[in-house]
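Colleague: Sending over start-v2.pdb (PDB, C-alpha atoms and all ligand atoms).
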```
ATOM      1  CA  MET H   1      -2.665  -2.000 -39.250  1.00  0.00           C
ATOM      2  CA  PRO H   2      -0.715  -1.786 -35.984  1.00  0.00           C
ATOM      3  CA  TRP H   3       1.333  -4.873 -35.387  1.00  0.00           C
ATOM      4  CA  CYS H   4      -0.528  -5.588 -32.143  1.00  0.00           C
ATOM      5  CA  ASP H   5      -3.543  -6.524 -34.243  1.00  0.00           C
ATOM      6  CA  VAL H   6      -1.729  -9.383 -35.932  1.00  0.00           C
ATOM      7  CA  VAL H   7      -3.804 -12.485 -35.296  1.00  0.00           C
ATOM      8  CA  ARG H   8      -2.263 -14.611 -32.597  1.00  0.00           C
ATOM      9  CA  GLY H   9      -2.909 -18.231 -31.768  1.00  0.00           C
ATOM     10  CA  SER H  10      -5.357 -19.340 -29.103  1.00  0.00           C
ATOM     11  CA  LEU H  11      -4.144 -19.648 -25.534  1.00  0.00           C
ATOM     12  CA  ARG H  12      -4.335 -23.429 -25.538  1.00  0.00           C
ATOM     13  CA  ASP H  13      -2.624 -23.925 -28.918  1.00  0.00           C
ATOM     14  CA  SER H  14       0.142 -21.484 -28.036  1.00  0.00           C
ATOM     15  CA  TYR H  15       0.677 -23.094 -24.675  1.00  0.00           C
ATOM     16  CA  GLU H  16       0.912 -26.559 -26.215  1.00  0.00           C
ATOM     17  CA  ARG H  17       3.356 -25.257 -28.798  1.00  0.00           C
ATOM     18  CA  TYR H  18       5.740 -23.536 -26.414  1.00  0.00           C
ATOM     19  CA  LYS H  19       5.311 -25.280 -23.084  1.00  0.00           C
ATOM     20  CA  HIS H  20       8.655 -27.075 -23.580  1.00  0.00           C
ATOM     21  CA  LEU H  21      10.282 -23.670 -23.077  1.00  0.00           C
ATOM     22  CA  LEU H  22       8.882 -23.627 -19.536  1.00  0.00           C
ATOM     23  CA  HIS H  23      11.211 -26.508 -18.628  1.00  0.00           C
ATOM     24  CA  GLY H  24       8.741 -28.293 -16.412  1.00  0.00           C
ATOM     25  CA  GLY H  25       6.858 -25.213 -15.181  1.00  0.00           C
ATOM     26  CA  SER H  26       3.166 -25.221 -16.024  1.00  0.00           C
ATOM     27  CA  ILE H  27      -0.082 -23.297 -15.910  1.00  0.00           C
ATOM     28  CA  ASP H  28      -3.659 -24.476 -15.429  1.00  0.00           C
ATOM     29  CA  VAL H  29      -4.791 -24.079 -19.057  1.00  0.00           C
ATOM     30  CA  ASP H  30      -8.460 -24.807 -18.331  1.00  0.00           C
ATOM     31  CA  LEU H  31      -8.592 -22.060 -15.738  1.00  0.00           C
ATOM     32  CA  ALA H  32      -6.544 -19.661 -17.888  1.00  0.00           C
ATOM     33  CA  GLU H  33      -8.905 -20.254 -20.797  1.00  0.00           C
ATOM     34  CA  LYS H  34     -11.974 -19.685 -18.645  1.00  0.00           C
ATOM     35  CA  ILE H  35     -10.536 -16.408 -17.335  1.00  0.00           C
ATOM     36  CA  GLU H  36      -9.647 -15.422 -20.895  1.00  0.00           C
ATOM     37  CA  ASN H  37     -13.223 -15.949 -22.066  1.00  0.00           C
ATOM     38  CA  VAL H  38     -14.679 -14.046 -19.123  1.00  0.00           C
ATOM     39  CA  GLU H  39     -12.312 -11.126 -19.762  1.00  0.00           C
ATOM     40  CA  LYS H  40     -13.146 -11.091 -23.476  1.00  0.00           C
ATOM     41  CA  ASN H  41     -16.846 -10.852 -22.613  1.00  0.00           C
ATOM     42  CA  ILE H  42     -16.217  -7.960 -20.250  1.00  0.00           C
ATOM     43  CA  ILE H  43     -14.169  -6.190 -22.929  1.00  0.00           C
ATOM     44  CA  ASN H  44     -16.996  -6.586 -25.447  1.00  0.00           C
ATOM     45  CA  ASN H  45     -19.592  -5.395 -22.962  1.00  0.00           C
ATOM     46  CA  ILE H  46     -17.832  -2.220 -21.912  1.00  0.00           C
ATOM     47  CA  LYS H  47     -15.886  -1.116 -24.972  1.00  0.00           C
ATOM     48  CA  ASN H  48     -18.650   1.175 -26.188  1.00  0.00           C
ATOM     49  CA  ILE H  49     -19.581   2.675 -22.855  1.00  0.00           C
ATOM     50  CA  ILE H  50     -16.234   4.054 -21.747  1.00  0.00           C
ATOM     51  CA  ASP H  51     -14.050   6.872 -23.012  1.00  0.00           C
ATOM     52  CA  LEU H  52     -10.781   5.095 -23.719  1.00  0.00           C
ATOM     53  CA  ASP H  53      -8.863   8.324 -24.182  1.00  0.00           C
ATOM     54  CA  LYS H  54      -9.089   8.904 -20.438  1.00  0.00           C
ATOM     55  CA  ASP H  55      -6.368   7.327 -18.326  1.00  0.00           C
ATOM     56  CA  LEU H  56      -6.985   3.997 -16.653  1.00  0.00           C
ATOM     57  CA  GLU H  57      -7.397   5.406 -13.171  1.00  0.00           C
ATOM     58  CA  GLU H  58     -10.116   7.764 -14.372  1.00  0.00           C
ATOM     59  CA  ILE H  59     -11.884   4.989 -16.296  1.00  0.00           C
ATOM     60  CA  ILE H  60     -11.935   2.785 -13.197  1.00  0.00           C
ATOM     61  CA  ARG H  61     -13.200   5.673 -11.079  1.00  0.00           C
ATOM     62  CA  GLU H  62     -16.080   6.312 -13.482  1.00  0.00           C
ATOM     63  CA  LEU H  63     -16.985   2.630 -13.663  1.00  0.00           C
ATOM     64  CA  THR H  64     -17.002   2.585  -9.875  1.00  0.00           C
ATOM     65  CA  GLU H  65     -19.171   5.680  -9.571  1.00  0.00           C
ATOM     66  CA  ASN H  66     -21.784   4.520 -12.078  1.00  0.00           C
ATOM     67  CA  GLY H  67     -22.000   1.077 -10.493  1.00  0.00           C
ATOM     68  CA  VAL H  68     -20.820  -0.866 -13.563  1.00  0.00           C
ATOM     69  CA  LEU H  69     -17.688  -2.161 -11.840  1.00  0.00           C
ATOM     70  CA  ASP H  70     -19.680  -3.540  -8.900  1.00  0.00           C
ATOM     71  CA  GLU H  71     -22.093  -5.233 -11.266  1.00  0.00           C
ATOM     72  CA  LEU H  72     -19.279  -6.813 -13.314  1.00  0.00           C
ATOM     73  CA  ILE H  73     -17.540  -8.065 -10.180  1.00  0.00           C
ATOM     74  CA  ARG H  74     -20.721  -9.687  -8.899  1.00  0.00           C
ATOM     75  CA  ASP H  75     -21.382 -11.271 -12.341  1.00  0.00           C
ATOM     76  CA  VAL H  76     -17.866 -12.676 -12.577  1.00  0.00           C
ATOM     77  CA  GLY H  77     -18.144 -13.876  -8.985  1.00  0.00           C
ATOM     78  CA  ARG H  78     -21.191 -15.912 -10.006  1.00  0.00           C
ATOM     79  CA  GLU H  79     -19.254 -17.423 -12.967  1.00  0.00           C
ATOM     80  CA  PHE H  80     -16.586 -18.652 -10.563  1.00  0.00           C
ATOM     81  CA  LYS H  81     -19.059 -19.506  -7.782  1.00  0.00           C
ATOM     82  CA  VAL H  82     -17.692 -16.838  -5.468  1.00  0.00           C
ATOM     83  CA  ASN H  83     -20.251 -14.830  -3.549  1.00  0.00           C
ATOM     84  CA  VAL H  84     -18.907 -11.281  -3.644  1.00  0.00           C
ATOM     85  CA  LYS H  85     -20.645  -9.468  -0.813  1.00  0.00           C
ATOM     86  CA  ASP H  86     -18.818  -6.176  -1.086  1.00  0.00           C
ATOM     87  CA  ALA H  87     -17.359  -5.377  -4.514  1.00  0.00           C
ATOM     88  CA  ARG H  88     -15.552  -2.241  -3.291  1.00  0.00           C
ATOM     89  CA  LYS H  89     -13.850  -4.212  -0.583  1.00  0.00           C
ATOM     90  CA  ALA H  90     -12.841  -6.856  -3.144  1.00  0.00           C
ATOM     91  CA  VAL H  91     -11.268  -4.114  -5.296  1.00  0.00           C
ATOM     92  CA  ASN H  92      -9.387  -2.637  -2.342  1.00  0.00           C
ATOM     93  CA  THR H  93      -8.102  -6.024  -1.247  1.00  0.00           C
ATOM     94  CA  PHE H  94      -6.841  -6.623  -4.791  1.00  0.00           C
ATOM     95  CA  LEU H  95      -5.242  -3.167  -4.964  1.00  0.00           C
ATOM     96  CA  ASN H  96      -3.461  -3.921  -1.693  1.00  0.00           C
ATOM     97  CA  GLY H  97      -1.925  -6.928  -3.415  1.00  0.00           C
ATOM     98  CA  ASN H  98      -3.702  -9.667  -1.471  1.00  0.00           C
ATOM     99  CA  LEU H  99      -4.553 -12.282  -4.096  1.00  0.00           C
ATOM    100  CA  GLN H 100      -5.013 -15.014  -1.501  1.00  0.00           C
ATOM    101  CA  ASP H 101      -8.509 -13.618  -1.035  1.00  0.00           C
ATOM    102  CA  GLU H 102     -10.946 -15.194  -3.516  1.00  0.00           C
ATOM    103  CA  GLN H 103     -13.051 -12.035  -3.813  1.00  0.00           C
ATOM    104  CA  ALA H 104      -9.907 -10.036  -4.611  1.00  0.00           C
ATOM    105  CA  ARG H 105      -9.124 -12.522  -7.390  1.00  0.00           C
ATOM    106  CA  ILE H 106     -12.535 -11.787  -8.915  1.00  0.00           C
ATOM    107  CA  ALA H 107     -11.787  -8.037  -8.765  1.00  0.00           C
ATOM    108  CA  PHE H 108      -8.424  -8.801 -10.402  1.00  0.00           C
ATOM    109  CA  ILE H 109     -10.153 -10.409 -13.406  1.00  0.00           C
ATOM    110  CA  VAL H 110     -12.538  -7.485 -13.918  1.00  0.00           C
ATOM    111  CA  ILE H 111      -9.879  -4.784 -13.550  1.00  0.00           C
ATOM    112  CA  GLN H 112      -7.498  -6.734 -15.774  1.00  0.00           C
ATOM    113  CA  ALA H 113     -10.142  -6.808 -18.503  1.00  0.00           C
ATOM    114  CA  VAL H 114     -10.593  -3.031 -18.270  1.00  0.00           C
ATOM    115  CA  ALA H 115      -6.803  -2.517 -18.317  1.00  0.00           C
ATOM    116  CA  ARG H 116      -6.405  -4.789 -21.353  1.00  0.00           C
ATOM    117  CA  LEU H 117      -9.024  -2.819 -23.248  1.00  0.00           C
ATOM    118  CA  LYS H 118      -7.203   0.423 -22.428  1.00  0.00           C
ATOM    119  CA  ALA H 119      -3.876  -1.211 -23.467  1.00  0.00           C
ATOM    120  CA  MET H 120      -5.312  -2.284 -26.836  1.00  0.00           C
ATOM    121  CA  HIS H 121      -6.627   1.219 -27.419  1.00  0.00           C
ATOM    122  CA  SER H 122      -3.229   2.713 -26.531  1.00  0.00           C
ATOM    123  CA  GLU H 123      -1.495   0.384 -28.959  1.00  0.00           C
ATOM    124  CA  GLN H 124      -3.941   1.263 -31.700  1.00  0.00           C
ATOM    125  CA  LYS H 125      -3.019   4.889 -31.139  1.00  0.00           C
ATOM    126  CA  GLY H 126       0.639   4.002 -31.692  1.00  0.00           C
ATOM    127  CA  LEU H 127       1.755   4.546 -28.095  1.00  0.00           C
ATOM    128  CA  SER H 128       3.780   1.315 -28.095  1.00  0.00           C
ATOM    129  CA  GLU H 129       6.283   2.940 -30.409  1.00  0.00           C
ATOM    130  CA  LYS H 130       7.081   5.849 -28.150  1.00  0.00           C
ATOM    131  CA  ALA H 131      10.444   4.899 -26.609  1.00  0.00           C
ATOM    132  CA  ARG H 132      10.444   4.762 -22.823  1.00  0.00           C
ATOM    133  CA  ILE H 133      13.253   3.525 -20.612  1.00  0.00           C
ATOM    134  CA  THR H 134      11.224   2.141 -17.736  1.00  0.00           C
ATOM    135  CA  PRO H 135      10.103  -1.235 -16.364  1.00  0.00           C
ATOM    136  CA  TYR H 136       6.751   0.304 -15.313  1.00  0.00           C
ATOM    137  CA  CYS H 137       3.791  -0.057 -17.656  1.00  0.00           C
ATOM    138  CA  PRO H 138       2.707   3.347 -18.999  1.00  0.00           C
ATOM    139  CA  VAL H 139      -0.922   2.127 -19.099  1.00  0.00           C
ATOM    140  CA  CYS H 140      -1.493   0.421 -15.739  1.00  0.00           C
ATOM    141  CA  GLY H 141       1.691   1.006 -13.741  1.00  0.00           C
ATOM    142  CA  ALA H 142       2.542  -2.682 -13.167  1.00  0.00           C
ATOM    143  CA  GLU H 143       6.228  -3.580 -13.163  1.00  0.00           C
ATOM    144  CA  SER H 144       7.439  -5.779 -15.995  1.00  0.00           C
ATOM    145  CA  GLY H 145      10.426  -8.099 -15.903  1.00  0.00           C
ATOM    146  CA  THR H 146       9.890  -9.280 -19.482  1.00  0.00           C
ATOM    147  CA  MET H 147      11.600  -7.868 -22.556  1.00  0.00           C
ATOM    148  CA  VAL H 148      11.017  -9.106 -26.103  1.00  0.00           C
ATOM    149  CA  ARG H 149      12.781  -8.506 -29.368  1.00  0.00           C
ATOM    150  CA  TYR H 150      10.512  -7.395 -32.172  1.00  0.00           C
ATOM    151  CA  LYS H 151      11.669  -6.164 -35.570  1.00  0.00           C
ATOM    152  CA  GLY H 152      15.140  -5.657 -34.206  1.00  0.00           C
ATOM    153  CA  ALA H 153      13.965  -3.324 -31.397  1.00  0.00           C
ATOM    154  CA  PHE H 154      13.423  -4.139 -27.711  1.00  0.00           C
ATOM    155  CA  TYR H 155      10.054  -3.849 -25.974  1.00  0.00           C
ATOM    156  CA  MET H 156       8.808  -4.524 -22.455  1.00  0.00           C
ATOM    157  CA  VAL H 157       5.566  -6.515 -21.995  1.00  0.00           C
ATOM    158  CA  CYS H 158       3.207  -5.736 -19.114  1.00  0.00           C
ATOM    159  CA  PRO H 159       2.225  -8.907 -17.207  1.00  0.00           C
ATOM    160  CA  PHE H 160      -1.109  -7.362 -16.158  1.00  0.00           C
ATOM    161  CA  CYS H 161      -2.595  -5.517 -19.148  1.00  0.00           C
ATOM    162  CA  GLY H 162      -0.409  -6.876 -21.960  1.00  0.00           C
ATOM    163  CA  PHE H 163       0.680  -3.449 -23.198  1.00  0.00           C
ATOM    164  CA  MET H 164       4.035  -3.445 -24.970  1.00  0.00           C
ATOM    165  CA  TRP H 165       6.278  -0.418 -25.088  1.00  0.00           C
ATOM    166  CA  ARG H 166       9.460   0.172 -26.985  1.00  0.00           C
ATOM    167  CA  VAL H 167      12.485   0.665 -24.785  1.00  0.00           C
ATOM    168  CA  SER H 168      15.071   1.182 -27.498  1.00  0.00           C
ATOM    169  CA  ASP H 169      16.290   0.027 -30.897  1.00  0.00           C
ATOM    170  CA  THR H 170      19.497  -1.191 -29.297  1.00  0.00           C
ATOM    171  CA  PHE H 171      19.785  -3.471 -26.299  1.00  0.00           C
ATOM    172  CA  THR H 172      19.253  -1.222 -23.277  1.00  0.00           C
ATOM    173  CA  CYS H 173      18.681  -1.740 -19.568  1.00  0.00           C
ATOM    174  CA  PRO H 174      15.025  -0.795 -18.885  1.00  0.00           C
ATOM    175  CA  TYR H 175      15.866   0.111 -15.276  1.00  0.00           C
ATOM    176  CA  CYS H 176      18.749   2.560 -15.745  1.00  0.00           C
ATOM    177  CA  GLY H 177      19.146   3.090 -19.504  1.00  0.00           C
ATOM    178  CA  ASN H 178      22.637   1.599 -19.667  1.00  0.00           C
ATOM    179  CA  THR H 179      23.668   0.658 -23.227  1.00  0.00           C
ATOM    180  CA  ASP H 180      27.336  -0.149 -22.578  1.00  0.00           C
ATOM    181  CA  LYS H 181      27.812  -3.580 -24.166  1.00  0.00           C
ATOM    182  CA  LEU H 182      30.632  -4.381 -21.742  1.00  0.00           C
ATOM    183  CA  ARG H 183      28.337  -3.895 -18.752  1.00  0.00           C
ATOM    184  CA  LEU H 184      25.188  -5.495 -20.175  1.00  0.00           C
ATOM    185  CA  GLY H 185      24.436  -8.964 -21.467  1.00  0.00           C
ATOM    186  CA  VAL H 186      22.055 -11.879 -21.945  1.00  0.00           C
ATOM    187  CA  MET H 187      22.659 -15.417 -20.691  1.00  0.00           C
ATOM    188  CA  THR H 188      21.027 -17.964 -23.015  1.00  0.00           C
ATOM    189  CA  GLY H 189      21.300 -21.714 -23.457  1.00  0.00           C
ATOM    190  CA  LYS H 190      24.255 -23.076 -25.410  1.00  0.00           C
ATOM    191  CA  ARG H 191      21.986 -24.433 -28.133  1.00  0.00           C
ATOM    192  CA  SER H 192      18.731 -22.509 -27.767  1.00  0.00           C
ATOM    193  CA  LYS H 193      18.957 -18.738 -28.008  1.00  0.00           C
ATOM    194  CA  ARG H 194      15.210 -18.136 -27.815  1.00  0.00           C
ATOM    195  CA  LEU H 195      15.057 -17.128 -24.170  1.00  0.00           C
ATOM    196  CA  GLY H 196      17.573 -15.555 -21.855  1.00  0.00           C
ATOM    197  CA  ILE H 197      18.207 -13.706 -18.631  1.00  0.00           C
ATOM    198  CA  ALA H 198      19.605 -10.244 -19.137  1.00  0.00           C
ATOM    199  CA  TRP H 199      21.738  -8.411 -16.620  1.00  0.00           C
ATOM    200  CA  CYS H 200      23.065  -4.910 -16.167  1.00  0.00           C
ATOM    201  CA  GLN H 201      26.198  -4.270 -14.180  1.00  0.00           C
ATOM    202  CA  GLU H 202      25.438  -0.583 -13.977  1.00  0.00           C
ATOM    203  CA  CYS H 203      22.373  -0.993 -11.731  1.00  0.00           C
ATOM    204  CA  GLY H 204      22.621  -4.678 -10.823  1.00  0.00           C
ATOM    205  CA  ARG H 205      19.154  -5.586 -12.133  1.00  0.00           C
ATOM    206  CA  THR H 206      18.215  -8.691 -14.113  1.00  0.00           C
ATOM    207  CA  TRP H 207      15.213  -9.366 -16.347  1.00  0.00           C
ATOM    208  CA  ARG H 208      13.977 -12.002 -18.799  1.00  0.00           C
ATOM    209  CA  VAL H 209      14.180 -11.726 -22.557  1.00  0.00           C
ATOM    210  CA  ILE H 210      12.414 -13.513 -25.424  1.00  0.00           C
ATOM    211  CA  LEU H 211      14.759 -13.254 -28.391  1.00  0.00           C
ATOM    212  CA  ASP H 212      12.682 -15.294 -30.850  1.00  0.00           C
ATOM    213  CA  GLU H 213      10.304 -12.982 -32.706  1.00  0.00           C
ATOM    214  CA  ARG H 214       8.166 -15.864 -33.903  1.00  0.00           C
ATOM    215  CA  VAL H 215       7.143 -16.504 -30.300  1.00  0.00           C
ATOM    216  CA  VAL H 216       6.294 -12.832 -29.820  1.00  0.00           C
ATOM    217  CA  LEU H 217       4.100 -12.802 -32.908  1.00  0.00           C
ATOM    218  CA  SER H 218       2.277 -16.065 -32.452  1.00  0.00           C
ATOM    219  CA  VAL H 219       1.077 -16.214 -28.852  1.00  0.00           C
ATOM    220  CA  PRO H 220      -1.528 -14.266 -26.859  1.00  0.00           C
ATOM    221  CA  ARG H 221       0.191 -11.317 -25.252  1.00  0.00           C
ATOM    222  CA  LEU H 222      -0.274 -12.325 -21.620  1.00  0.00           C
ATOM    223  CA  LEU H 223       1.383 -15.670 -22.282  1.00  0.00           C
ATOM    224  CA  LEU H 224       4.685 -13.946 -23.115  1.00  0.00           C
ATOM    225  CA  PRO H 225       5.707 -13.259 -19.480  1.00  0.00           C
ATOM    226  CA  VAL H 226       4.789 -16.878 -18.670  1.00  0.00           C
ATOM    227  CA  ILE H 227       7.007 -18.203 -21.470  1.00  0.00           C
ATOM    228  CA  ALA H 228       9.815 -15.777 -20.563  1.00  0.00           C
ATOM    229  CA  HIS H 229       9.770 -17.306 -17.092  1.00  0.00           C
ATOM    230  CA  GLY H 230      11.346 -20.396 -18.678  1.00  0.00           C
ATOM    231  CA  ALA H 231      14.594 -18.383 -18.879  1.00  0.00           C
ATOM    232  CA  GLU H 232      14.970 -18.883 -15.128  1.00  0.00           C
ATOM    233  CA  ILE H 233      16.919 -22.085 -15.842  1.00  0.00           C
ATOM    234  CA  TYR H 234      19.806 -19.866 -16.965  1.00  0.00           C
ATOM    235  CA  ARG H 235      19.896 -17.912 -13.719  1.00  0.00           C
ATOM    236  CA  GLU H 236      22.386 -20.208 -12.058  1.00  0.00           C
ATOM    237  CA  ALA H 237      24.806 -19.901 -14.979  1.00  0.00           C
ATOM    238  CA  LEU H 238      24.274 -16.158 -14.871  1.00  0.00           C
ATOM    239  CA  SER H 239      25.184 -15.865 -11.202  1.00  0.00           C
ATOM    240  CA  SER H 240      28.448 -17.720 -11.773  1.00  0.00           C
ATOM    241  CA  VAL H 241      29.340 -15.292 -14.589  1.00  0.00           C
ATOM    242  CA  MET H 242      28.504 -12.303 -12.395  1.00  0.00           C
ATOM    243  CA  ASP H 243      30.508 -13.729  -9.497  1.00  0.00           C
ATOM    244  CA  ASP H 244      33.501 -14.249 -11.797  1.00  0.00           C
ATOM    245  CA  GLU H 245      33.262 -10.711 -13.051  1.00  0.00           C
ATOM    246  CA  SER H 246      32.936  -9.153  -9.636  1.00  0.00           C
ATOM    247  CA  SER H 247      35.840 -11.181  -8.260  1.00  0.00           C
ATOM    248  CA  GLY H 248      37.887 -10.251 -11.333  1.00  0.00           C
ATOM    249  CA  GLY H 249      38.584  -6.883  -9.724  1.00  0.00           C
ATOM    250  CA  GLU H 250      37.906  -3.526 -11.264  1.00  0.00           C
TER
HETATM  251 ZN    ZN K   1       0.052  -2.668 -17.920  1.00  0.00          ZN
HETATM  252 ZN    ZN K   2      20.749  -1.000 -15.472  1.00  0.00          ZN
END
```
Once more with this new file: its structure as structure tokens, please.
Ligand SMILES: [Zn+2]
Ligand SMILES: [Zn+2]
Modeller:
Amino acid sequence: MPWCDVVRGSLRDSYERYKHLLHGGSIDVDLAEKIENVEKNIINNIKNIIDLDKDLEEIIRELTENGVLDELIRDVGREFKVNVKDARKAVNTFLNGNLQDEQARIAFIVIQAVARLKAMHSEQKGLSEKARITPYCPVCGAESGTMVRYKGAFYMVCPFCGFMWRVSDTFTCPYCGNTDKLRLGVMTGKRSKRLGIAWCQECGRTWRVILDERVVLSVPRLLLPVIAHGAEIYREALSSVMDDESSGGE
């Protein structure tokens, strides 16, 4: 059984359990749970009518051409009391990154459900284990700023489709591949080492890391980037370290 199939807690239970790691940040759990249920329904409705071996772009194109995507968007719009007049336009507005638009947010939910189904299929085929040094999701193309430690290796987690891909067995910068321990590090709390902000002096990028495997195993996948966001409280300490190092002279 691939590890991605390990049963994880419900969204609400997981959130209650780990919300202290958010250090005051919060999410609307009722809304998140409603979206989760809607997406699960979509996944169940379409999983037998699409060829999951095709890439995501092709799947979306086919669902657009046969009218299924439009129908799903209008159905979800009704669930959230949003009258979607033009489903194609809603999709394009979402693809252009405008989530202020309520119709685009409906398109987001439908496309996220399709992407999650494709991500699950890719994980079942073992594609998470193929090492890739990149912050861009191999399934949907979204950029991830969240790394997790799992079984001693380091994986990135996609904030959109939930796909996880192995970066390396050793701590490695996902942006440039740097593994030099002197030019790479993680800033954590003095007492809690569960979350941290990682930095790379080779390329200057930073990203968030969940170092506690129990968190990785016990919460719904899309909650991981939310929890990792709690590491932001270490950013100030990180910038003072980086300032010290850059003023130290090389
Ligand atoms: Zn993705
Ligand atoms: Zn780097």
Colleague: Care to translate the PyMOL selection byres (((not hetatm)) within 10 of (chain K and resi 1)) into actual residues of this file, as a list in words?
Modeller: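 With the shown file as input, the PyMOL selection byres (((not hetatm)) within 10 of (chain K and resi 1)) matches Leu56, Gln112, Ala115, Arg116, Lys118, Ala119, Tyr136, Cys137, Pro138, Val139, Cys140, Gly141, Ala142, Glu143, Ser144, Val157, Cys158, Pro159, Phe160, Cys161, Gly162, Phe163, Met164 and Trp165 of chain H.
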Colleague: Those residues with C-alpha atoms, as a short mmCIF file (atom, residue, chain, number, x, y, z; two decimals), in the frame of the given file please?
Modeller:
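What landed in again36.cif:
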```cif
data_model
loop_
_atom_site.label_atom_id
_atom_site.label_comp_id
_atom_site.auth_asym_id
_atom_site.auth_seq_id
_atom_site.Cartn_x
_atom_site.Cartn_y
_atom_site.Cartn_z
CA LEU H 56 -6.98 4.00 -16.65
CA GLN H 112 -7.50 -6.73 -15.77
CA ALA H 115 -6.80 -2.52 -18.32
CA ARG H 116 -6.40 -4.79 -21.35
CA LYS H 118 -7.20 0.42 -22.43
CA ALA H 119 -3.88 -1.21 -23.47
CA TYR H 136 6.75 0.30 -15.31
CA CYS H 137 3.79 -0.06 -17.66
CA PRO H 138 2.71 3.35 -19.00
CA VAL H 139 -0.92 2.13 -19.10
CA CYS H 140 -1.49 0.42 -15.74
CA GLY H 141 1.69 1.01 -13.74
CA ALA H 142 2.54 -2.68 -13.17
CA GLU H 143 6.23 -3.58 -13.16
CA SER H 144 7.44 -5.78 -16.00
CA VAL H 157 5.57 -6.52 -22.00
CA CYS H 158 3.21 -5.74 -19.11
CA PRO H 159 2.22 -8.91 -17.21
CA PHE H 160 -1.11 -7.36 -16.16
CA CYS H 161 -2.60 -5.52 -19.15
CA GLY H 162 -0.41 -6.88 -21.96
CA PHE H 163 0.68 -3.45 -23.20
CA MET H 164 4.04 -3.44 -24.97
CA TRP H 165 6.28 -0.42 -25.09
#
```
Colleague: Go through H:Thr146, H:Thr134, H:Phe154, H:Asn48 one by one, measure the shortest atom-to-atom distance of each to H:Val226 using all atoms listed in the file, and give the residue with the smallest value.
Modeller: H:Thr146
Colleague: Within 6 Å of ligand ZN 2 (chain K), counting only C-alpha atoms and all ligand atoms: which residues, as a PDB file with C-alpha atoms, in the coordinates of the input?
Modeller:
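Final file, result23.pdb:
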```pdb
ATOM      1  CA  CYS H 173      18.681  -1.740 -19.568  1.00  0.00           C
ATOM      2  CA  TYR H 175      15.866   0.111 -15.276  1.00  0.00           C
ATOM      3  CA  CYS H 176      18.749   2.560 -15.745  1.00  0.00           C
ATOM      4  CA  GLY H 177      19.146   3.090 -19.504  1.00  0.00           C
ATOM      5  CA  ASN H 178      22.637   1.599 -19.667  1.00  0.00           C
ATOM      6  CA  CYS H 200      23.065  -4.910 -16.167  1.00  0.00           C
ATOM      7  CA  GLU H 202      25.438  -0.583 -13.977  1.00  0.00           C
ATOM      8  CA  CYS H 203      22.373  -0.993 -11.731  1.00  0.00           C
ATOM      9  CA  ARG H 205      19.154  -5.586 -12.133  1.00  0.00           C
TER      10      ARG H 205
END
```
Colleague: Within 12 Å of H:Asn66, counting all atoms listed in the file, which residues show up once you throw out same-chain ones fewer than 6 positions away? Write them as an mmCIF file with C-alpha atoms, in the coordinates of the input, please.
Modeller:
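New file part07.cif:
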```cif
data_model
loop_
_atom_site.group_PDB
_atom_site.id
_atom_site.type_symbol
_atom_site.label_atom_id
_atom_site.label_comp_id
_atom_site.auth_asym_id
_atom_site.auth_seq_id
_atom_site.Cartn_x
_atom_site.Cartn_y
_atom_site.Cartn_z
ATOM 1 C CA ILE H 49 -19.581 2.675 -22.855
ATOM 2 C CA ILE H 50 -16.234 4.054 -21.747
ATOM 3 C CA ILE H 59 -11.884 4.989 -16.296
ATOM 4 C CA ILE H 60 -11.935 2.785 -13.197
ATOM 5 C CA LEU H 72 -19.279 -6.813 -13.314
#
```
Colleague: Using the chain letters and numbering of this document, enumerate as a list of chain:residue names the residues selected by the PyMOL selection byres (((chain H and resi 38) around 10) and not hetatm).
Modeller: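 When the PyMOL selection byres (((chain H and resi 38) around 10) and not hetatm) is applied, the selected residues are H:Ala32, H:Glu33, H:Lys34, H:Ile35, H:Glu36, H:Asn37, H:Glu39, H:Lys40, H:Asn41, H:Ile42, H:Ile43, H:Asp75, H:Val76, H:Glu79, H:Phe80, H:Ile109, H:Val110, H:Ala113.
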Colleague: Taking the partial coordinates given, rebuild stretch 117-124 of chain H to contain N, CA and C atoms; return it as a PDB file, keeping the file's coordinate frame.
Modeller:
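Written output follows (out.pdb):
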```pdb
ATOM      1  N   LEU H 117      -8.324  -3.617 -22.240  1.00  0.00           N
ATOM      2  CA  LEU H 117      -9.024  -2.819 -23.248  1.00  0.00           C
ATOM      3  C   LEU H 117      -8.312  -1.482 -23.454  1.00  0.00           C
ATOM      4  N   LYS H 118      -7.927  -0.849 -22.356  1.00  0.00           N
ATOM      5  CA  LYS H 118      -7.203   0.423 -22.428  1.00  0.00           C
ATOM      6  C   LYS H 118      -5.847   0.210 -23.139  1.00  0.00           C
ATOM      7  N   ALA H 119      -5.182  -0.920 -22.845  1.00  0.00           N
ATOM      8  CA  ALA H 119      -3.876  -1.211 -23.467  1.00  0.00           C
ATOM      9  C   ALA H 119      -4.029  -1.378 -24.982  1.00  0.00           C
ATOM     10  N   MET H 120      -5.087  -2.084 -25.395  1.00  0.00           N
ATOM     11  CA  MET H 120      -5.312  -2.284 -26.836  1.00  0.00           C
ATOM     12  C   MET H 120      -5.541  -0.945 -27.521  1.00  0.00           C
ATOM     13  N   HIS H 121      -6.336  -0.107 -26.860  1.00  0.00           N
ATOM     14  CA  HIS H 121      -6.627   1.219 -27.419  1.00  0.00           C
ATOM     15  C   HIS H 121      -5.329   2.035 -27.539  1.00  0.00           C
ATOM     16  N   SER H 122      -4.489   1.959 -26.516  1.00  0.00           N
ATOM     17  CA  SER H 122      -3.229   2.713 -26.531  1.00  0.00           C
ATOM     18  C   SER H 122      -2.314   2.219 -27.652  1.00  0.00           C
ATOM     19  N   GLU H 123      -2.330   0.921 -27.880  1.00  0.00           N
ATOM     20  CA  GLU H 123      -1.495   0.384 -28.959  1.00  0.00           C
ATOM     21  C   GLU H 123      -2.033   0.823 -30.318  1.00  0.00           C
ATOM     22  N   GLN H 124      -3.368   0.819 -30.432  1.00  0.00           N
ATOM     23  CA  GLN H 124      -3.941   1.263 -31.700  1.00  0.00           C
ATOM     24  C   GLN H 124      -3.596   2.715 -31.991  1.00  0.00           C
TER      25      GLN H 124
END
```
